[in-house]
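*Asks:* So here's entry_24.cif, just mmCIF, C-alpha atoms:
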data_model
loop_
_atom_site.group_PDB
_atom_site.id
_atom_site.type_symbol
_atom_site.label_atom_id
_atom_site.label_comp_id
_atom_site.auth_asym_id
_atom_site.auth_seq_id
_atom_site.Cartn_x
_atom_site.Cartn_y
_atom_site.Cartn_z
ATOM 1 C CA MET A 13 0.000 0.000 0.000
ATOM 2 C CA LYS A 14 1.335 3.414 -0.977
ATOM 3 C CA GLN A 15 1.966 5.827 1.861
ATOM 4 C CA GLN A 16 -0.415 8.763 1.761
ATOM 5 C CA GLN A 17 0.744 12.362 2.032
ATOM 6 C CA PRO A 18 -0.891 15.731 2.501
ATOM 7 C CA PRO A 19 -1.470 17.768 -0.660
ATOM 8 C CA TYR A 20 1.497 19.509 -2.272
ATOM 9 C CA GLY A 21 0.136 22.980 -1.431
ATOM 10 C CA PHE A 22 -0.125 22.200 2.269
ATOM 11 C CA LEU A 23 3.361 20.671 2.338
ATOM 12 C CA LYS A 24 4.798 23.749 0.618
ATOM 13 C CA ILE A 25 3.142 26.108 3.138
ATOM 14 C CA ASP A 26 4.208 23.766 5.949
ATOM 15 C CA VAL A 27 7.867 23.951 4.940
ATOM 16 C CA VAL A 28 7.788 27.744 4.537
ATOM 17 C CA ILE A 29 6.252 28.291 7.985
ATOM 18 C CA GLN A 30 8.693 25.867 9.617
ATOM 19 C CA GLN A 31 11.670 27.479 7.867
ATOM 20 C CA ILE A 32 10.603 30.987 8.920
ATOM 21 C CA LEU A 33 10.201 29.914 12.540
ATOM 22 C CA ALA A 34 13.496 27.988 12.491
ATOM 23 C CA PHE A 35 15.255 31.025 11.013
ATOM 24 C CA LEU A 36 13.805 33.287 13.713
ATOM 25 C CA ILE A 37 14.905 30.820 16.396
ATOM 26 C CA ALA A 38 18.419 30.698 14.951
ATOM 27 C CA LEU A 39 18.481 34.484 14.632
ATOM 28 C CA THR A 40 17.480 35.031 18.267
ATOM 29 C CA ILE A 41 19.540 32.206 19.771
ATOM 30 C CA ILE A 42 21.789 34.845 21.369
ATOM 31 C CA VAL A 43 18.784 36.133 23.308
ATOM 32 C CA TYR A 44 17.957 32.799 24.921
ATOM 33 C CA PRO A 45 14.441 33.541 26.296
ATOM 34 C CA ILE A 46 13.194 34.822 22.955
ATOM 35 C CA ALA A 47 14.542 31.782 21.103
ATOM 36 C CA MET A 48 12.910 29.455 23.619
ATOM 37 C CA LEU A 49 9.593 31.307 23.292
ATOM 38 C CA LEU A 50 9.777 30.949 19.506
ATOM 39 C CA CYS A 51 10.156 27.191 19.952
ATOM 40 C CA ILE A 52 6.567 27.075 21.230
ATOM 41 C CA PRO A 53 4.893 28.084 17.930
ATOM 42 C CA PHE A 54 7.474 26.008 16.024
ATOM 43 C CA GLY A 55 6.530 22.863 17.931
ATOM 44 C CA ALA A 56 2.836 23.700 17.918
ATOM 45 C CA TRP A 57 2.886 24.112 14.140
ATOM 46 C CA GLN A 58 4.671 20.799 13.744
ATOM 47 C CA VAL A 59 2.066 19.045 15.872
ATOM 48 C CA PHE A 60 -0.712 20.664 13.801
ATOM 49 C CA SER A 61 1.084 19.586 10.631
ATOM 50 C CA GLY A 62 1.474 16.092 12.073
ATOM 51 C CA ILE A 63 -2.251 15.902 12.765
ATOM 52 C CA VAL A 64 -3.072 16.999 9.200
ATOM 53 C CA GLY A 65 -0.588 14.470 7.826
ATOM 54 C CA ALA A 66 -2.003 11.725 10.034
ATOM 55 C CA ILE A 67 -5.487 12.515 8.731
ATOM 56 C CA TYR A 68 -4.147 11.997 5.211
ATOM 57 C CA GLY A 69 -2.591 8.694 6.316
ATOM 58 C CA SER A 70 1.104 9.583 6.584
ATOM 59 C CA VAL A 71 2.691 6.802 8.636
ATOM 60 C CA TRP A 72 5.797 8.705 9.728
ATOM 61 C CA ARG A 73 3.666 11.623 10.917
ATOM 62 C CA MET A 74 1.558 9.230 12.982
ATOM 63 C CA LYS A 75 4.763 7.894 14.551
ATOM 64 C CA TYR A 76 5.871 11.475 15.205
ATOM 65 C CA LEU A 77 2.607 12.242 17.026
ATOM 66 C CA VAL A 78 2.971 9.093 19.141
ATOM 67 C CA GLY A 79 6.531 10.154 19.989
ATOM 68 C CA VAL A 80 5.373 13.642 20.993
ATOM 69 C CA PHE A 81 2.602 12.151 23.125
ATOM 70 C CA PHE A 82 5.042 9.888 24.973
ATOM 71 C CA TYR A 83 7.543 12.721 25.373
ATOM 72 C CA PHE A 84 4.954 14.861 27.147
ATOM 73 C CA LEU A 85 3.707 11.887 29.141
ATOM 74 C CA VAL A 86 7.191 11.009 30.419
ATOM 75 C CA ALA A 87 8.115 14.668 30.997
ATOM 76 C CA GLY A 88 4.933 15.214 32.994
ATOM 77 C CA LEU A 89 5.508 12.120 35.102
ATOM 78 C CA VAL A 90 9.104 13.064 35.829
ATOM 79 C CA PHE A 91 8.114 16.642 36.661
ATOM 80 C CA SER A 92 5.543 15.393 39.147
ATOM 81 C CA LEU A 93 8.048 12.965 40.691
ATOM 82 C CA VAL A 94 10.721 15.649 41.027
ATOM 83 C CA GLU A 95 8.233 18.095 42.482
ATOM 84 C CA HIS A 96 7.267 15.676 45.252
ATOM 85 C CA ALA A 97 10.777 14.378 45.919
ATOM 86 C CA SER A 98 12.743 16.105 48.646
ATOM 87 C CA ASN A 99 16.275 15.158 47.589
ATOM 88 C CA THR A 100 16.943 14.749 43.907
ATOM 89 C CA PRO A 101 20.556 14.068 42.974
ATOM 90 C CA PRO A 102 22.252 16.662 40.746
ATOM 91 C CA ALA A 103 23.060 14.007 38.148
ATOM 92 C CA PHE A 104 19.339 13.292 37.754
ATOM 93 C CA GLU A 105 18.622 16.975 37.220
ATOM 94 C CA ILE A 106 21.314 17.182 34.532
ATOM 95 C CA VAL A 107 20.011 14.108 32.712
ATOM 96 C CA PHE A 108 16.411 15.302 32.967
ATOM 97 C CA GLY A 109 17.420 18.768 31.761
ATOM 98 C CA ALA A 110 19.116 17.223 28.748
ATOM 99 C CA PHE A 111 15.988 15.142 28.126
ATOM 100 C CA ILE A 112 13.776 18.214 28.279
ATOM 101 C CA PHE A 113 15.904 20.287 25.893
ATOM 102 C CA ILE A 114 17.591 17.881 23.485
ATOM 103 C CA ILE A 115 14.672 15.663 22.483
ATOM 104 C CA PRO A 116 12.430 18.529 21.249
ATOM 105 C CA ILE A 117 15.333 20.024 19.287
ATOM 106 C CA VAL A 118 16.066 16.695 17.620
ATOM 107 C CA LEU A 119 12.366 16.070 16.932
ATOM 108 C CA GLY A 120 11.900 19.568 15.486
ATOM 109 C CA ILE A 121 14.920 19.447 13.187
ATOM 110 C CA THR A 122 14.098 15.904 12.058
ATOM 111 C CA TYR A 123 10.477 16.830 11.343
ATOM 112 C CA LEU A 124 11.529 19.868 9.282
ATOM 113 C CA TYR A 125 14.075 17.802 7.334
ATOM 114 C CA LYS A 126 11.597 14.983 6.594
ATOM 115 C CA THR A 127 8.932 17.476 5.520
ATOM 116 C CA MET A 128 11.393 19.166 3.145
ATOM 117 C CA LYS A 129 12.270 15.772 1.641
ATOM 118 C CA GLU A 130 8.589 14.894 1.338
ATOM 119 C CA VAL A 131 7.876 18.055 -0.672
ATOM 120 C CA GLU A 132 10.492 16.944 -3.207
ATOM 121 C CA LYS A 133 8.832 13.517 -3.599
ATOM 122 C CA VAL A 134 5.205 14.657 -3.917
ATOM 123 C CA PRO A 135 4.192 15.281 -7.527
ATOM 124 C CA LYS A 136 3.504 18.928 -8.224
ATOM 125 C CA PRO A 137 0.060 19.733 -9.524
ATOM 126 C CA SER A 138 0.110 20.730 -13.184
ATOM 127 C CA GLN A 139 0.115 24.477 -13.533
ATOM 128 C CA ASN A 140 -1.946 24.592 -16.709
ATOM 129 C CA THR A 141 -5.050 22.806 -15.436
ATOM 130 C CA HIS A 142 -7.046 26.016 -15.159
ATOM 131 C CA ALA A 143 -5.772 27.290 -18.500
ATOM 132 C CA ASN A 144 -6.874 24.051 -20.174
ATOM 133 C CA ASP A 145 -10.350 24.456 -18.704
ATOM 134 C CA TRP A 146 -10.678 27.863 -20.351
ATOM 135 C CA VAL A 147 -9.385 26.567 -23.676
ATOM 136 C CA GLU A 148 -12.010 23.805 -23.612
ATOM 137 C CA ILE A 149 -14.737 26.312 -22.809
ATOM 138 C CA LEU A 150 -13.639 28.675 -25.588
ATOM 139 C CA ASP A 151 -13.272 25.864 -28.130
ATOM 140 C CA ALA A 152 -16.695 24.406 -27.376
ATOM 141 C CA ASP A 153 -19.239 24.486 -30.164
ATOM 142 C CA ILE A 154 -22.194 26.616 -29.308
#
Would you mind giving the structure from this file in structure tokens?
*Replies:*
Amino acid sequence: MKQQQPPYGFLKIDVVIQQILAFLIALTIIVYPIAMLLCIPFGAWQVFSGIVGAIYGSVWRMKYLVGVFFYFLVAGLVFSLVEHASNTPPAFEIVFGAFIFIIPIVLGITYLYKTMKEVEKVPKPSQNTHANDWVEILDADI
């Protein structure tokens, strides 16, 4: 069975929005809080894009959504455990901090890369479809 993909137009808009947000994040990386705040719409857009892709039947986007779900599930559980624990070792905090920051970065970059590759594979709609409709209308015998 052939893997389904969202329409070419949506994928093209998807890549442009992701690239703009990634560029803004890279541009403001010096100002750490602004870059981190820009990661919120970047990730939110990718989740929205993943939902649209999953609706169209994209298998890798479904796997991405499952991964995001488990990331938030594990992060929430660990946050609640750390909040209720009185003595957490510093090594645990370092590992958890790496988990919180590195996994979303890797997921975000991977998602952008895979979406860019997907745009190249999806056949572009023919640009003359509307022009051909007019030619047929004008050539019709009255």
*Asks:* Written as a list in words, which residues does the PyMOL selection byres ((chain A and resi 112) around 12) give for the file shown?
*Replies:*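 Output from the PyMOL selection byres ((chain A and resi 112) around 12), applied to this file: Tyr83, Phe84, Leu85, Val86, Ala87, Gly88, Val90, Phe91, Glu105, Ile106, Val107, Phe108, Gly109, Ala110, Phe111, Phe113, Ile114, Ile115, Pro116, Ile117, Val118 and Leu119 of chain A.
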*Asks:* Once the PyMOL selection byres ((chain A and resi 60) around 12) has been applied to the shown file, what residues remain in the selection, as a ChimeraX atom specification?
*Replies:* /A:22,26,29-30,53-59,61-67,73-74,76-77,80
*Asks:* Could you please determine the separation between CA of Gln17 (chain A) and CA of Val134 (chain A) in Å, to one decimal place?
*Replies:*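 Interatomic distance, CA of Gln17 (chain A) to CA of Val134 (chain A): 7.8 Å.
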*Asks:* Report, in Å with one decimal, the straight-line distance from CA of Ile121 (chain A) to CA of Gln31 (chain A).
*Replies:*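 Pair CA of Ile121 (chain A) / CA of Gln31 (chain A) returns 10.2 Å.
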*Asks:* Pick out the closest residue to Lys126 (chain A) from this set: A:Leu50, A:Ala38, A:Ser138, A:Ser70. Count all atoms listed in the file.
*Replies:*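 Of the candidates, the smallest distance to Lys126 (chain A) is held by A:Ser70.
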*Asks:* One number please: CA of Tyr44 (chain A) to CA of Phe104 (chain A), in Å, one decimal.
*Replies:*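 The value is 23.4 Å.
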*Asks:* Skip Glu130 (chain A) itself and residues of its chain fewer than 5 positions away, then list as JSON, numbers by chain all residues within 12 Å of it, counting all atoms listed in the file.
*Replies:* {"A": [15, 16, 17, 18, 19, 20, 22, 23, 24, 26, 27, 65, 70, 72, 73, 123, 124, 125, 135, 136]}
*Asks:* Considering only C-alpha atoms, state which residue in the set A:Gly120, A:Ala97, A:Gly21, A:Ser92 is at the smallest distance from Ile37 (chain A).
*Replies:* A:Gly120
*Asks:* Around region 123-134 of chain A, fit a box with edges along x, y and z, padding it by 5 Å on each side, then list its centre and edge lengths in Å to one decimal as AutoDock Vina command-line options.
*Replies:*
--center_x 9.6 --center_y 16.7 --center_z 3.7 --size_x 18.9 --size_y 16.4 --size_z 25.3
*Asks:* How would region 79-91 of chain A look with N, CA and C atoms restored, written as a PDB file, in the coordinates of the input?
*Replies:*
ATOM      1  N   GLY A  79       5.309   9.760  19.288  1.00  0.00           N
ATOM      2  CA  GLY A  79       6.531  10.154  19.989  1.00  0.00           C
ATOM      3  C   GLY A  79       6.340  11.422  20.807  1.00  0.00           C
ATOM      4  N   VAL A  80       5.645  12.399  20.263  1.00  0.00           N
ATOM      5  CA  VAL A  80       5.373  13.642  20.993  1.00  0.00           C
ATOM      6  C   VAL A  80       4.483  13.362  22.205  1.00  0.00           C
ATOM      7  N   PHE A  81       3.488  12.500  22.019  1.00  0.00           N
ATOM      8  CA  PHE A  81       2.602  12.151  23.125  1.00  0.00           C
ATOM      9  C   PHE A  81       3.393  11.515  24.268  1.00  0.00           C
ATOM     10  N   PHE A  82       4.255  10.552  23.931  1.00  0.00           N
ATOM     11  CA  PHE A  82       5.042   9.888  24.973  1.00  0.00           C
ATOM     12  C   PHE A  82       6.075  10.819  25.597  1.00  0.00           C
ATOM     13  N   TYR A  83       6.609  11.744  24.814  1.00  0.00           N
ATOM     14  CA  TYR A  83       7.543  12.721  25.373  1.00  0.00           C
ATOM     15  C   TYR A  83       6.850  13.536  26.461  1.00  0.00           C
ATOM     16  N   PHE A  84       5.666  14.060  26.150  1.00  0.00           N
ATOM     17  CA  PHE A  84       4.954  14.861  27.147  1.00  0.00           C
ATOM     18  C   PHE A  84       4.477  14.024  28.323  1.00  0.00           C
ATOM     19  N   LEU A  85       4.116  12.778  28.066  1.00  0.00           N
ATOM     20  CA  LEU A  85       3.707  11.887  29.141  1.00  0.00           C
ATOM     21  C   LEU A  85       4.862  11.642  30.105  1.00  0.00           C
ATOM     22  N   VAL A  86       6.021  11.280  29.574  1.00  0.00           N
ATOM     23  CA  VAL A  86       7.191  11.009  30.419  1.00  0.00           C
ATOM     24  C   VAL A  86       7.655  12.282  31.117  1.00  0.00           C
ATOM     25  N   ALA A  87       7.688  13.405  30.390  1.00  0.00           N
ATOM     26  CA  ALA A  87       8.115  14.668  30.997  1.00  0.00           C
ATOM     27  C   ALA A  87       7.185  15.065  32.135  1.00  0.00           C
ATOM     28  N   GLY A  88       5.885  14.892  31.932  1.00  0.00           N
ATOM     29  CA  GLY A  88       4.933  15.214  32.994  1.00  0.00           C
ATOM     30  C   GLY A  88       5.094  14.327  34.214  1.00  0.00           C
ATOM     31  N   LEU A  89       5.298  13.040  33.985  1.00  0.00           N
ATOM     32  CA  LEU A  89       5.508  12.120  35.102  1.00  0.00           C
ATOM     33  C   LEU A  89       6.778  12.462  35.872  1.00  0.00           C
ATOM     34  N   VAL A  90       7.846  12.740  35.158  1.00  0.00           N
ATOM     35  CA  VAL A  90       9.104  13.064  35.829  1.00  0.00           C
ATOM     36  C   VAL A  90       8.985  14.390  36.572  1.00  0.00           C
ATOM     37  N   PHE A  91       8.331  15.367  35.963  1.00  0.00           N
ATOM     38  CA  PHE A  91       8.114  16.642  36.661  1.00  0.00           C
ATOM     39  C   PHE A  91       7.362  16.438  37.965  1.00  0.00           C
TER      40      PHE A  91
END
